[in-house]
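See below for the structure under consideration.
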Amino acid sequence: MEPKLEKVAEVWEKETAVVEGVDISGPWNRMFGQRVIWDYTPELIEKIAQLPGGESFAWCYQCGKCVPVCPVDVVGDYGPRKLYRRAQSGIDLLDSPDLWLCTTCANCLRVCPKQVDMVQIMPAAREHAMLSGRTIPAELQQALEYTAKYGNPLGQPARKREAWVKDAGVPVPILHQIQRPVEWLWWVECYPSYHPRGIDASIALARIFHALGLDFAILGREEKCAGDSQRLAGERGLFEMLAEENIRTLSKYEFAHIVVTDPHALNAFRKHYPKLGGHYDVWHYTTLLARELPRLQPLLTRSLPYRVTFHDPCYLGRHNGEYDAPRRLIQAIPGIEFVEMLRCRENSYCCGGGGGGMWLDSFAAGHQRRRLSEERVLEAVATGADTLVVCCPYEVSRFEDAAKSTGVDDRLRVRDIAELLAEAMGSSGEAAA
Amino acid sequence: MTIVVVLEQVPDVVEELSLAPLGTDLARDAVSYVLNEYDDHALEEALLLAEGSGDDVVAVGIDTTGELDQVLYTALAKGAKRAIKLAGDFEGTWVGTRAAARLLVPIIRELSPRLVLTGVQAPDDLDGQLAPTLAALLDWPHASVVIGTELADGAVRARKELWGGLTMHLELALPAVLGIQAARQTPRYVPVGRVRQVMREATIETREVEMVADGSPRVERLRLPEETAQAEFLSGSPADIADRLIELLRARGLL
Amino acid sequence: MAHGIAVLVEHLEGQVTDVTYELLGLARRIADTDGAEVVACLLGHGVRHVAERLPADRVVLVEDHALHYLAPEATARTFAALLRGERPWLALVPNTAIGMDVAAWVAAALDWSLVAYCQAFDRRDGRWVATAQLFGGKVLADVPLGSDPVVVSALAGAFAADAVEPGPPGTIETQEPPAELATLRTCSVRLERPEVADIDITRAEKIVAVGRGIESKDNLELAEQLAEALGAVLAASRPLVDAGWLPRSRQVGKSGLKVKPKLYLALGISGAPEHLEGMKDAELIVAVNKDPKAPIFTVADYGVVADLFDVAEALLERLEG
């Protein structure tokens, strides 16, 4: 679309002006000089702002605080302010690659004086793009189709969701088999059920739960993707379908709390399932384990001589306020030397996997100097750490790939906190290593 | 004018398939069904053609699974104008290609489309592919393995893929039947929300049909091929390995 | 002859395809058992010379301009007319891009039964049993054949190509094309050759794919030479494409292209799930990797635990030498 300038106001100097009885006639200052005010036409901004959830797009007043904190801008050219400006100058967000680059990490919202909320805007705009029949990046389409078909974005059969359990080395009860109430329902999620590196972390976590004597069980093949990232990628209908099915499944069983491996599932259960009638007491596994530290600590008998740094998952930290639990767990491991990266906690960088980014990897790479995950592993290496510790299932595979592609895989290992804890318990989660 | 696209659900081969005790069919209870992937391409090609020509796409299918509605609603959500379901007592039967074609011919004649599109093949078409079978029964011209179509003056131009990059360009007088290998573009994505909206607003037309004698071959026994999940490792010096590999490739006609 | 075996001869531009010889070989085997006659059905235009290379008891030659490229409608109608006259017990048609449009049409038009995707044909308990591939090869179906006439469309490569040698037939008999060829509704047929510069790895029959094990861009040359010597195209896993060593059109995997070649030779590819998704359906997978635990070996038919450069060089030496 051609950007258009249109006359929005004409300001004429009056010969005399009396305000509340005071004569203020005379030559005005430059601010009130005779002039015409022109501005760009707002159609493309309003197009987004009129979508439910897209309203705040129009609130931007171009201060630019969002740009330096935007992880995508660090490796590319991005940020809410820039999107607003591009819409002014004729670029329709709905047809631009920009539509798919935001990872909904929420770092911009943290600093925005006007509460321009990309976490709301992006799903709304993406949903509208999909509903209006625009083509979407092929990788994303595949993941969405797989999720609709199989209940997971990897396209794996539902039946295999519990296959990892047989390699756990400890009993992992499955609710449809045990048919009894449990205290903790462990929501394993997709990557920890199917991806080889995700399974490593699941096995480690199962061993920890078992060692703590936790009364837990998983849903196994009955579990479907919690769907939060699909929602953020614009597939609200798919999310609702998954949520309804999951809520129905959960209603069959008795449990006191849910513990999740995946911060995205945490976010879905806390903020979006209640709207669909699913109310649960949900914990991230790091929060649960931190609470159990008095009992866990004595089990951490092996000293691990690693220099580690920690990456805050966006959906655990910024979105759900948990920064301390992972750090307390890491620091409870004997022998560990812990260092922070420059960007940490509230200002943590983003791995690039959120908001559908997990399924837009090649697409995003085509619009950035390097992947967000690559930027992050280089930051980790810069701290002198030999181990990058994570606690979101998207991150192990993303950062391991990034370490390989940036050539630092000889210096930096990527481990889930659960894997480190299991190793310190003398029960290595690295089944294959 | 009308373009008919025939949609079939087939067992999902991503899932492990197991056999029924009698050994002449799959254990259907354990099967999950998906739209035949080539039919999805046929639908996409039909929609693309219709967008250019103003035709109405009518999706037609035989409900052999009891789950065809989902497929038809999705087709409507993607842009099909009508969806027609042929329903009957198919439970526990394996409807062969010829039988399916015989069930489809009356409805196709009734719709009198200028084009019928189907997927080039399906994973269960033991007695041949649907497009040429329909063409024989309808006595219309046909082509399979089609990777591109274009409507022009009472004819359809089709590109049929041969091998080694060779393509055959055909012009068929309408009406015609095409078996689609791949649509011009990846089948479009339709958000679940749109499908759900269509499910509330649109209707699928149902026609009761009777199973017909089909003359399809009698399967005596199904069996699973022997597993070759693990690689057979070749060892020795690089020269030995190279000899062995070349021998293997020769044996398979790859050299 | 009531118990004949008719074979549809597939040819293009004067070249008889390999699968035709595979089917003639199969027909010979059946005929030798049954004492039947093998009839090669040669349909085409200006193909009389081809008949001399068809080792059958008899060649029936039907020539017409409309049969030039064995286009679907003309070929199906002519073959059906021919079978009506010949009344064989068995018609063998290749399950190929050309044969697919003929077998099912003819079977439906004659109301014969059809077994498609046939990969084996054996004599068991005094009858012939055709074995068909179903569900992408995950299931095999044994179909016993009775005495009623049947069309069998056979997979290319399933039967031995060297069971018969190209050579002259017993007799060559010319038949008039059927009258219906005058009223075909296929208006025009032409052939288009591929553009040379255009490489589409999804259509390649043979692929040499390289991964991180190739180590540097300079080493790609060796892989390229090997691909050329094998008549294959070069493809890669994601890291190499990301590094800009090869264009994205060569990327195999989840975010690249899905390929189903007849041969996939994986050099230095460990086999991330994302990569396996893109190539696991290849017919023959040969993997060379230093790491015996590389996941690529879980989908490979043949594995070599070795330095890829050693193996590639040894292969190249033999292929070029």
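All residue names refer to the structure tokens as shown: chains lettered A, B, ... in order, residues numbered from 1 in each chain, ligands numbered from 1 in order.
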Could you give me, as number ranges by chain, the residues within 8 Å of B:Leu137, counting only C-alpha atoms and dropping anything in the same chain fewer than 4 positions from it? B: 101-102, 105, 133; C: 108-109
Selected residues, C-alpha atoms, written as a short mmCIF file (atom, residue, chain, number, x, y, z; two decimals), in the first residue's frame, please.
```
data_model
loop_
_atom_site.label_atom_id
_atom_site.label_comp_id
_atom_site.auth_asym_id
_atom_site.auth_seq_id
_atom_site.Cartn_x
_atom_site.Cartn_y
_atom_site.Cartn_z
CA ALA B 101 -16.04 -45.66 -8.38
CA ARG B 102 -19.37 -47.38 -8.95
CA VAL B 105 -20.59 -42.45 -10.76
CA THR B 133 -11.29 -46.22 -13.01
CA ALA C 108 -12.75 -51.20 -15.33
CA ALA C 109 -13.73 -51.02 -18.99
#
```
Proximity check chain B to chain C, 6 Å, nearest pairs one decimal Å, only C-alpha atoms, as a tab-separated table:
```
residue	atom	partner	partner_atom	distance
B:Pro123	CA	C:Phe135	CA	4.3
B:Asp124	CA	C:Leu134	CA	5.6
B:Leu126	CA	C:Ala116	CA	5.4
B:Asp127	CA	C:Leu114	CA	5.0
B:Gly128	CA	C:Ala116	CA	5.2
B:Pro132	CA	C:Trp105	CA	4.8
B:Thr133	CA	C:Trp105	CA	5.0
B:Ala136	CA	C:Trp105	CA	5.1
B:Pro141	CA	C:Glu73	CA	5.8
B:Ala143	CA	C:Pro72	CA	5.9
B:Leu162	CA	C:Ala97	CA	5.5
B:Gly165	CA	C:Pro194	CA	5.0
B:Leu166	CA	C:Arg193	CA	5.0
B:Thr167	CA	C:Glu192	CA	5.2
B:Met168	CA	C:Leu191	CA	4.6
B:His169	CA	C:Arg190	CA	5.1
B:Leu170	CA	C:Val189	CA	4.6
B:Glu171	CA	C:Ser188	CA	5.1
B:Leu172	CA	C:Thr186	CA	4.4
B:Ala173	CA	C:Arg185	CA	5.2
B:Gly215	CA	C:Ser113	CA	5.8
B:Ser216	CA	C:Ser113	CA	5.5
B:Pro217	CA	C:Ser113	CA	5.9
B:Val219	CA	C:Val143	CA	4.8
B:Glu220	CA	C:Val143	CA	5.5
B:Arg221	CA	C:Asp142	CA	5.3
B:Leu222	CA	C:Ala141	CA	4.4
B:Arg223	CA	C:Leu140	CA	5.2
B:Leu224	CA	C:Val139	CA	4.8
B:Gln230	CA	C:Thr298	CA	5.2
B:Ala231	CA	C:Asp301	CA	4.5
B:Glu232	CA	C:Tyr302	CA	4.7
B:Phe233	CA	C:Gly303	CA	4.6
B:Leu234	CA	C:Val304	CA	5.4
B:Pro238	CA	C:Val311	CA	5.1
B:Ala239	CA	C:Ala314	CA	5.5
B:Ala242	CA	C:Leu315	CA	4.9
```
Write out the residues from the selection above, keeping C-alpha atoms, as a PDB file, in the first residue's frame.
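Ended up saving to result.pdb:
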```
ATOM      1  CA  PRO B 123      -2.335 -46.258   0.147  1.00  0.00           C
ATOM      2  CA  ASP B 124      -5.121 -48.827   0.100  1.00  0.00           C
ATOM      3  CA  LEU B 126      -5.248 -52.573  -4.117  1.00  0.00           C
ATOM      4  CA  ASP B 127      -7.412 -52.697  -7.232  1.00  0.00           C
ATOM      5  CA  GLY B 128      -5.968 -49.679  -8.927  1.00  0.00           C
ATOM      6  CA  PRO B 132      -8.609 -43.928 -14.450  1.00  0.00           C
ATOM      7  CA  THR B 133     -11.291 -46.223 -13.009  1.00  0.00           C
ATOM      8  CA  ALA B 136     -13.507 -45.731 -17.761  1.00  0.00           C
ATOM      9  CA  PRO B 141     -10.856 -38.617 -20.975  1.00  0.00           C
ATOM     10  CA  ALA B 143      -4.777 -38.301 -16.983  1.00  0.00           C
ATOM     11  CA  LEU B 162       6.693 -38.890 -16.212  1.00  0.00           C
ATOM     12  CA  GLY B 165      12.015 -34.476 -15.168  1.00  0.00           C
ATOM     13  CA  LEU B 166      10.013 -35.277 -18.311  1.00  0.00           C
ATOM     14  CA  THR B 167       6.447 -34.014 -18.361  1.00  0.00           C
ATOM     15  CA  MET B 168       3.617 -34.787 -20.763  1.00  0.00           C
ATOM     16  CA  HIS B 169       1.375 -31.872 -21.634  1.00  0.00           C
ATOM     17  CA  LEU B 170      -2.161 -32.951 -22.430  1.00  0.00           C
ATOM     18  CA  GLU B 171      -5.244 -31.107 -23.466  1.00  0.00           C
ATOM     19  CA  LEU B 172      -8.442 -32.939 -22.629  1.00  0.00           C
ATOM     20  CA  ALA B 173     -11.941 -32.013 -23.775  1.00  0.00           C
ATOM     21  CA  GLY B 215     -15.301 -57.477  -8.770  1.00  0.00           C
ATOM     22  CA  SER B 216     -12.274 -56.501  -6.724  1.00  0.00           C
ATOM     23  CA  PRO B 217      -9.683 -59.187  -6.113  1.00  0.00           C
ATOM     24  CA  VAL B 219      -7.299 -60.920  -0.566  1.00  0.00           C
ATOM     25  CA  GLU B 220      -6.323 -64.242   0.847  1.00  0.00           C
ATOM     26  CA  ARG B 221      -3.944 -62.923   3.436  1.00  0.00           C
ATOM     27  CA  LEU B 222      -2.359 -59.698   4.533  1.00  0.00           C
ATOM     28  CA  ARG B 223       1.043 -59.801   6.114  1.00  0.00           C
ATOM     29  CA  LEU B 224       3.594 -57.374   7.438  1.00  0.00           C
ATOM     30  CA  GLN B 230      18.400 -51.466  11.874  1.00  0.00           C
ATOM     31  CA  ALA B 231      21.138 -50.774   9.407  1.00  0.00           C
ATOM     32  CA  GLU B 232      23.267 -53.654   8.312  1.00  0.00           C
ATOM     33  CA  PHE B 233      26.788 -52.492   9.027  1.00  0.00           C
ATOM     34  CA  LEU B 234      29.488 -52.927   6.438  1.00  0.00           C
ATOM     35  CA  PRO B 238      37.486 -48.207   2.755  1.00  0.00           C
ATOM     36  CA  ALA B 239      38.284 -50.128  -0.420  1.00  0.00           C
ATOM     37  CA  ALA B 242      33.440 -49.194  -1.571  1.00  0.00           C
TER      38      ALA B 242
END
```
Identify, on the basis of only C-alpha atoms, every residue whose closest approach to stretch 1-6 of chain B does not exceed 7 Å; exclude the query and any residue fewer than 2 positions from it along the same chain; express the result as JSON, numbers by chain. {"B": [8, 42, 43, 46, 55, 56, 57, 58, 59, 60, 61, 113, 114, 115, 116, 117, 118]}
Expected answer as a short mmCIF file (atom, residue, chain, number, x, y, z; two decimals) with C-alpha atoms, in the first residue's frame: chain C residues within 12 Å of chain A, only C-alpha atoms:
```cif
data_model
loop_
_atom_site.label_atom_id
_atom_site.label_comp_id
_atom_site.auth_asym_id
_atom_site.auth_seq_id
_atom_site.Cartn_x
_atom_site.Cartn_y
_atom_site.Cartn_z
CA GLY C 211 26.09 -33.04 6.78
CA ARG C 212 28.34 -31.40 9.28
CA GLY C 213 30.79 -34.24 8.99
CA GLU C 215 33.63 -30.08 7.96
CA SER C 216 34.40 -27.35 5.47
CA SER C 237 21.34 -31.15 6.04
CA ARG C 238 20.35 -27.86 7.60
CA PRO C 239 23.65 -26.68 9.08
CA LEU C 240 25.36 -26.61 5.68
CA VAL C 241 22.56 -24.69 4.08
CA ASP C 242 22.46 -22.29 6.98
CA ALA C 243 26.15 -21.77 6.55
CA GLY C 244 25.45 -20.78 2.97
CA ARG C 248 18.16 -23.77 0.39
CA GLN C 251 18.10 -28.76 2.06
CA GLY C 253 14.51 -32.20 6.33
CA LYS C 254 11.61 -30.81 8.24
CA SER C 255 12.32 -27.24 7.34
CA GLY C 256 13.74 -28.13 3.97
CA LEU C 257 12.39 -30.57 1.46
CA LYS C 258 11.06 -34.06 1.81
CA GLY C 271 20.38 -37.75 11.65
CA ALA C 272 18.51 -35.30 13.83
CA PRO C 273 14.80 -36.15 13.90
CA GLU C 274 14.22 -33.06 11.80
CA GLU C 277 11.67 -36.69 8.73
CA LYS C 293 25.41 -44.29 17.65
CA ALA C 294 24.35 -41.70 15.09
CA PRO C 295 20.56 -41.85 14.75
#
```
With only C-alpha atoms counted and 8 Å as the cut-off, give the residues of chain B in contact with chain A, each with its shortest interatomic distance in Å and the pair that gives it, as JSON lines.
```
{"residue": "B:Val14", "atom": "CA", "partner": "A:Pro157", "partner_atom": "CA", "distance": 6.7}
{"residue": "B:Glu15", "atom": "CA", "partner": "A:Pro157", "partner_atom": "CA", "distance": 5.8}
{"residue": "B:Arg188", "atom": "CA", "partner": "A:Thr135", "partner_atom": "CA", "distance": 6.8}
{"residue": "B:Tyr189", "atom": "CA", "partner": "A:Gln141", "partner_atom": "CA", "distance": 6.4}
{"residue": "B:Val190", "atom": "CA", "partner": "A:Met130", "partner_atom": "CA", "distance": 7.1}
{"residue": "B:Pro191", "atom": "CA", "partner": "A:Glu235", "partner_atom": "CA", "distance": 6.2}
{"residue": "B:Val192", "atom": "CA", "partner": "A:Gly237", "partner_atom": "CA", "distance": 4.7}
{"residue": "B:Gly193", "atom": "CA", "partner": "A:Gly237", "partner_atom": "CA", "distance": 3.9}
{"residue": "B:Arg194", "atom": "CA", "partner": "A:Leu131", "partner_atom": "CA", "distance": 6.8}
{"residue": "B:Arg196", "atom": "CA", "partner": "A:Gly237", "partner_atom": "CA", "distance": 7.7}
```
Report the residues of stretch 101-317 of chain C whose backbone DSSP state falls under helix (DSSP H, G or I), written as a compact mmCIF listing (two decimals) with N, CA and C atoms, in the first residue's frame.
```
# COMPACT_ATOMS: atom_id res chain seq x y z
N ASP C 101 -2.28 -45.12 -15.89
CA ASP C 101 -3.45 -44.60 -16.58
C ASP C 101 -4.09 -45.64 -17.50
N VAL C 102 -3.41 -46.76 -17.66
CA VAL C 102 -3.92 -47.78 -18.57
C VAL C 102 -4.54 -48.94 -17.79
N ALA C 103 -3.81 -49.42 -16.77
CA ALA C 103 -4.24 -50.65 -16.08
C ALA C 103 -5.64 -50.51 -15.50
N ALA C 104 -5.85 -49.48 -14.69
CA ALA C 104 -7.14 -49.35 -14.00
C ALA C 104 -8.26 -49.06 -15.00
N TRP C 105 -7.95 -48.29 -16.03
CA TRP C 105 -8.96 -47.95 -17.04
C TRP C 105 -9.41 -49.22 -17.77
N VAL C 106 -8.43 -50.00 -18.20
CA VAL C 106 -8.71 -51.20 -18.97
C VAL C 106 -9.48 -52.21 -18.12
N ALA C 107 -9.04 -52.39 -16.89
CA ALA C 107 -9.70 -53.36 -16.01
C ALA C 107 -11.15 -52.96 -15.79
N ALA C 108 -11.37 -51.65 -15.56
CA ALA C 108 -12.75 -51.20 -15.33
C ALA C 108 -13.58 -51.33 -16.60
N ALA C 109 -12.98 -50.99 -17.73
CA ALA C 109 -13.73 -51.02 -18.99
C ALA C 109 -14.09 -52.45 -19.37
N LEU C 110 -13.20 -53.41 -19.09
CA LEU C 110 -13.46 -54.80 -19.46
C LEU C 110 -14.16 -55.56 -18.34
N PHE C 135 -0.40 -49.61 1.74
CA PHE C 135 -0.04 -48.70 2.83
C PHE C 135 1.44 -48.35 2.81
N GLY C 136 1.86 -47.89 1.67
CA GLY C 136 3.24 -47.44 1.54
C GLY C 136 4.24 -48.55 1.82
N GLY C 137 3.87 -49.80 1.54
CA GLY C 137 4.80 -50.91 1.74
C GLY C 137 4.78 -51.47 3.14
N ALA C 161 15.30 -57.85 -13.97
CA ALA C 161 15.36 -57.24 -15.30
C ALA C 161 16.12 -58.13 -16.28
N ASP C 162 16.94 -59.02 -15.72
CA ASP C 162 17.81 -59.79 -16.61
C ASP C 162 17.29 -61.20 -16.87
N ALA C 163 16.01 -61.44 -16.56
CA ALA C 163 15.43 -62.76 -16.84
C ALA C 163 15.33 -63.00 -18.34
N ALA C 179 -11.39 -48.18 -34.02
CA ALA C 179 -12.07 -47.03 -34.63
C ALA C 179 -12.17 -45.85 -33.66
N GLU C 180 -12.25 -46.16 -32.37
CA GLU C 180 -12.47 -45.07 -31.39
C GLU C 180 -11.33 -44.06 -31.34
N LEU C 181 -10.17 -44.44 -31.88
CA LEU C 181 -9.08 -43.46 -31.87
C LEU C 181 -9.42 -42.23 -32.71
N ALA C 182 -10.41 -42.39 -33.56
CA ALA C 182 -10.81 -41.24 -34.40
C ALA C 182 -11.63 -40.23 -33.61
N THR C 183 -12.17 -40.67 -32.46
CA THR C 183 -13.05 -39.76 -31.71
C THR C 183 -12.54 -39.51 -30.31
N ILE C 201 15.53 -31.49 -5.95
CA ILE C 201 15.97 -32.70 -5.25
C ILE C 201 14.81 -33.61 -4.88
N THR C 202 13.58 -33.08 -4.85
CA THR C 202 12.44 -33.94 -4.50
C THR C 202 12.15 -34.92 -5.61
N ARG C 203 12.67 -34.65 -6.77
CA ARG C 203 12.40 -35.58 -7.88
C ARG C 203 13.61 -36.40 -8.25
N ARG C 212 27.25 -32.12 8.64
CA ARG C 212 28.34 -31.40 9.28
C ARG C 212 29.67 -32.14 9.22
N GLY C 213 29.58 -33.45 9.07
CA GLY C 213 30.79 -34.24 8.99
C GLY C 213 31.71 -33.84 7.83
N ILE C 214 31.16 -33.10 6.89
CA ILE C 214 31.96 -32.68 5.73
C ILE C 214 32.97 -31.60 6.13
N LYS C 217 33.66 -26.06 3.62
CA LYS C 217 33.05 -25.85 2.32
C LYS C 217 33.91 -26.44 1.19
N ASP C 218 35.19 -26.38 1.41
CA ASP C 218 36.10 -26.89 0.37
C ASP C 218 35.89 -28.38 0.11
N ASN C 219 35.49 -29.09 1.17
CA ASN C 219 35.30 -30.53 1.02
C ASN C 219 34.07 -30.89 0.21
N LEU C 220 33.22 -29.91 -0.04
CA LEU C 220 32.01 -30.18 -0.83
C LEU C 220 32.36 -30.70 -2.21
N GLU C 221 33.52 -30.29 -2.70
CA GLU C 221 33.90 -30.67 -4.06
C GLU C 221 33.95 -32.19 -4.21
N LEU C 222 34.49 -32.84 -3.18
CA LEU C 222 34.57 -34.30 -3.21
C LEU C 222 33.17 -34.90 -3.29
N ALA C 223 32.27 -34.35 -2.48
CA ALA C 223 30.90 -34.85 -2.48
C ALA C 223 30.24 -34.60 -3.84
N GLU C 224 30.53 -33.46 -4.41
CA GLU C 224 29.97 -33.13 -5.72
C GLU C 224 30.46 -34.12 -6.79
N GLN C 225 31.76 -34.40 -6.72
CA GLN C 225 32.33 -35.37 -7.69
C GLN C 225 31.68 -36.73 -7.53
N LEU C 226 31.50 -37.12 -6.27
CA LEU C 226 30.90 -38.43 -6.02
C LEU C 226 29.47 -38.47 -6.55
N ALA C 227 28.73 -37.38 -6.28
CA ALA C 227 27.35 -37.32 -6.76
C ALA C 227 27.31 -37.44 -8.27
N GLU C 228 28.21 -36.73 -8.92
CA GLU C 228 28.24 -36.76 -10.38
C GLU C 228 28.54 -38.17 -10.89
N ALA C 229 29.51 -38.81 -10.24
CA ALA C 229 29.89 -40.15 -10.67
C ALA C 229 28.75 -41.15 -10.47
N LEU C 230 27.92 -40.90 -9.47
CA LEU C 230 26.79 -41.80 -9.20
C LEU C 230 25.56 -41.43 -10.01
N ARG C 238 20.57 -29.28 7.34
CA ARG C 238 20.35 -27.86 7.60
C ARG C 238 21.61 -27.04 7.87
N PRO C 239 22.52 -27.55 8.73
CA PRO C 239 23.65 -26.68 9.08
C PRO C 239 24.44 -26.17 7.87
N LEU C 240 24.57 -27.02 6.85
CA LEU C 240 25.36 -26.61 5.68
C LEU C 240 24.64 -25.54 4.87
N VAL C 241 23.34 -25.68 4.82
CA VAL C 241 22.56 -24.69 4.08
C VAL C 241 22.56 -23.38 4.84
N ASP C 242 22.41 -23.49 6.15
CA ASP C 242 22.46 -22.29 6.98
C ASP C 242 23.78 -21.57 6.82
N ARG C 248 19.22 -23.17 -0.39
CA ARG C 248 18.16 -23.77 0.39
C ARG C 248 17.38 -24.83 -0.40
N SER C 249 17.43 -24.72 -1.72
CA SER C 249 16.73 -25.72 -2.54
C SER C 249 17.36 -27.11 -2.38
N ARG C 250 18.51 -27.18 -1.74
CA ARG C 250 19.18 -28.48 -1.55
C ARG C 250 18.99 -29.02 -0.14
N PRO C 273 16.16 -35.78 14.31
CA PRO C 273 14.80 -36.15 13.90
C PRO C 273 14.29 -35.26 12.77
N GLU C 274 14.68 -34.00 12.81
CA GLU C 274 14.22 -33.06 11.80
C GLU C 274 14.76 -33.45 10.42
N HIS C 275 15.93 -34.02 10.40
CA HIS C 275 16.49 -34.46 9.12
C HIS C 275 15.84 -35.77 8.68
N LEU C 276 15.72 -36.70 9.62
CA LEU C 276 15.15 -38.01 9.29
C LEU C 276 13.76 -37.87 8.70
N GLU C 277 13.02 -36.91 9.22
CA GLU C 277 11.67 -36.69 8.73
C GLU C 277 11.66 -36.43 7.22
N GLY C 278 12.71 -35.82 6.76
CA GLY C 278 12.74 -35.43 5.36
C GLY C 278 13.23 -36.51 4.40
N MET C 279 13.80 -37.61 4.94
CA MET C 279 14.41 -38.56 4.01
C MET C 279 14.16 -40.02 4.36
N ILE C 296 21.10 -41.66 12.38
CA ILE C 296 20.87 -41.94 10.96
C ILE C 296 20.86 -43.45 10.73
N PHE C 297 21.61 -44.19 11.58
CA PHE C 297 21.68 -45.64 11.39
C PHE C 297 20.38 -46.35 11.75
N THR C 298 19.49 -45.66 12.45
CA THR C 298 18.22 -46.31 12.77
C THR C 298 17.29 -46.34 11.56
N VAL C 299 17.54 -45.48 10.59
CA VAL C 299 16.69 -45.53 9.39
C VAL C 299 17.45 -46.07 8.18
N LEU C 308 34.09 -40.36 6.45
CA LEU C 308 33.37 -40.24 5.18
C LEU C 308 34.32 -39.97 4.01
N PHE C 309 35.41 -39.27 4.28
CA PHE C 309 36.32 -38.93 3.18
C PHE C 309 36.98 -40.18 2.61
N ASP C 310 37.37 -41.10 3.51
CA ASP C 310 37.98 -42.35 3.05
C ASP C 310 37.03 -43.11 2.15
N VAL C 311 35.78 -43.22 2.61
CA VAL C 311 34.80 -44.00 1.85
C VAL C 311 34.47 -43.31 0.53
N ALA C 312 34.28 -41.98 0.61
CA ALA C 312 33.92 -41.23 -0.60
C ALA C 312 35.03 -41.35 -1.65
N GLU C 313 36.27 -41.24 -1.19
CA GLU C 313 37.38 -41.32 -2.14
C GLU C 313 37.49 -42.71 -2.76
N ALA C 314 37.31 -43.74 -1.93
CA ALA C 314 37.38 -45.10 -2.45
C ALA C 314 36.28 -45.35 -3.47
N LEU C 315 35.08 -44.85 -3.15
CA LEU C 315 33.95 -45.01 -4.08
C LEU C 315 34.24 -44.30 -5.40
N LEU C 316 34.74 -43.10 -5.26
CA LEU C 316 34.99 -42.27 -6.43
C LEU C 316 36.02 -42.93 -7.34
N GLU C 317 37.04 -43.47 -6.72
CA GLU C 317 38.11 -44.13 -7.45
C GLU C 317 37.54 -45.27 -8.32
```
Interatomic distance, atom CA of C:Glu86 to atom CA of B:Leu130 (Å, one decimal):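 Atom-to-atom, atom CA of C:Glu86 to atom CA of B:Leu130, that is 25.9 Å.
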Please run DSSP on the backbone and report, as a ChimeraX atom specification, all residues within stretch 27-190 of chain B that come out as strand (DSSP E or B). /B:33-35,56-62,82-87,115-119,142-152,155-161,167-173,176-180
Residues from last step as file, C-alpha atoms, as a compact mmCIF listing (two decimals), in the first residue's frame:
```txt
# COMPACT_ATOMS: atom_id res chain seq x y z
CA TYR B 33 -7.78 -42.21 9.63
CA VAL B 34 -6.45 -39.24 7.74
CA LEU B 35 -7.37 -37.65 4.46
CA ASP B 56 -18.01 -24.19 -7.63
CA VAL B 57 -15.99 -26.91 -6.00
CA VAL B 58 -18.10 -29.78 -4.70
CA ALA B 59 -16.38 -32.18 -2.33
CA VAL B 60 -17.72 -35.72 -2.47
CA GLY B 61 -16.74 -38.68 -0.35
CA ILE B 62 -17.87 -42.12 0.72
CA ARG B 82 -20.90 -27.97 -1.29
CA ALA B 83 -20.02 -31.21 0.44
CA ILE B 84 -21.79 -34.47 -0.27
CA LYS B 85 -21.39 -37.57 1.80
CA LEU B 86 -22.32 -40.99 0.49
CA ALA B 87 -23.39 -42.96 3.54
CA LEU B 115 -13.92 -31.75 -14.15
CA VAL B 116 -13.42 -34.47 -11.55
CA LEU B 117 -10.23 -34.37 -9.51
CA THR B 118 -8.97 -37.15 -7.27
CA GLY B 119 -5.66 -37.92 -5.63
CA HIS B 142 -8.33 -38.74 -18.16
CA ALA B 143 -4.78 -38.30 -16.98
CA SER B 144 -2.97 -39.24 -13.77
CA VAL B 145 0.18 -38.06 -12.01
CA VAL B 146 -0.90 -34.51 -12.77
CA ILE B 147 1.16 -31.66 -11.33
CA GLY B 148 -0.53 -28.67 -12.86
CA THR B 149 -3.82 -27.78 -14.52
CA GLU B 150 -5.33 -24.93 -16.44
CA LEU B 151 -8.84 -24.46 -17.83
CA ALA B 152 -9.15 -23.16 -21.37
CA ALA B 155 -10.75 -28.08 -22.31
CA VAL B 156 -8.37 -28.64 -19.46
CA ARG B 157 -4.63 -28.53 -19.91
CA ALA B 158 -2.80 -30.89 -17.61
CA ARG B 159 0.86 -31.51 -16.97
CA LYS B 160 1.50 -35.18 -16.29
CA GLU B 161 4.77 -36.02 -14.64
CA THR B 167 6.45 -34.01 -18.36
CA MET B 168 3.62 -34.79 -20.76
CA HIS B 169 1.38 -31.87 -21.63
CA LEU B 170 -2.16 -32.95 -22.43
CA GLU B 171 -5.24 -31.11 -23.47
CA LEU B 172 -8.44 -32.94 -22.63
CA ALA B 173 -11.94 -32.01 -23.77
CA ALA B 176 -12.51 -35.02 -17.82
CA VAL B 177 -11.02 -36.85 -14.84
CA LEU B 178 -7.61 -36.03 -13.40
CA GLY B 179 -5.54 -37.86 -10.79
CA ILE B 180 -3.51 -35.20 -8.98
```
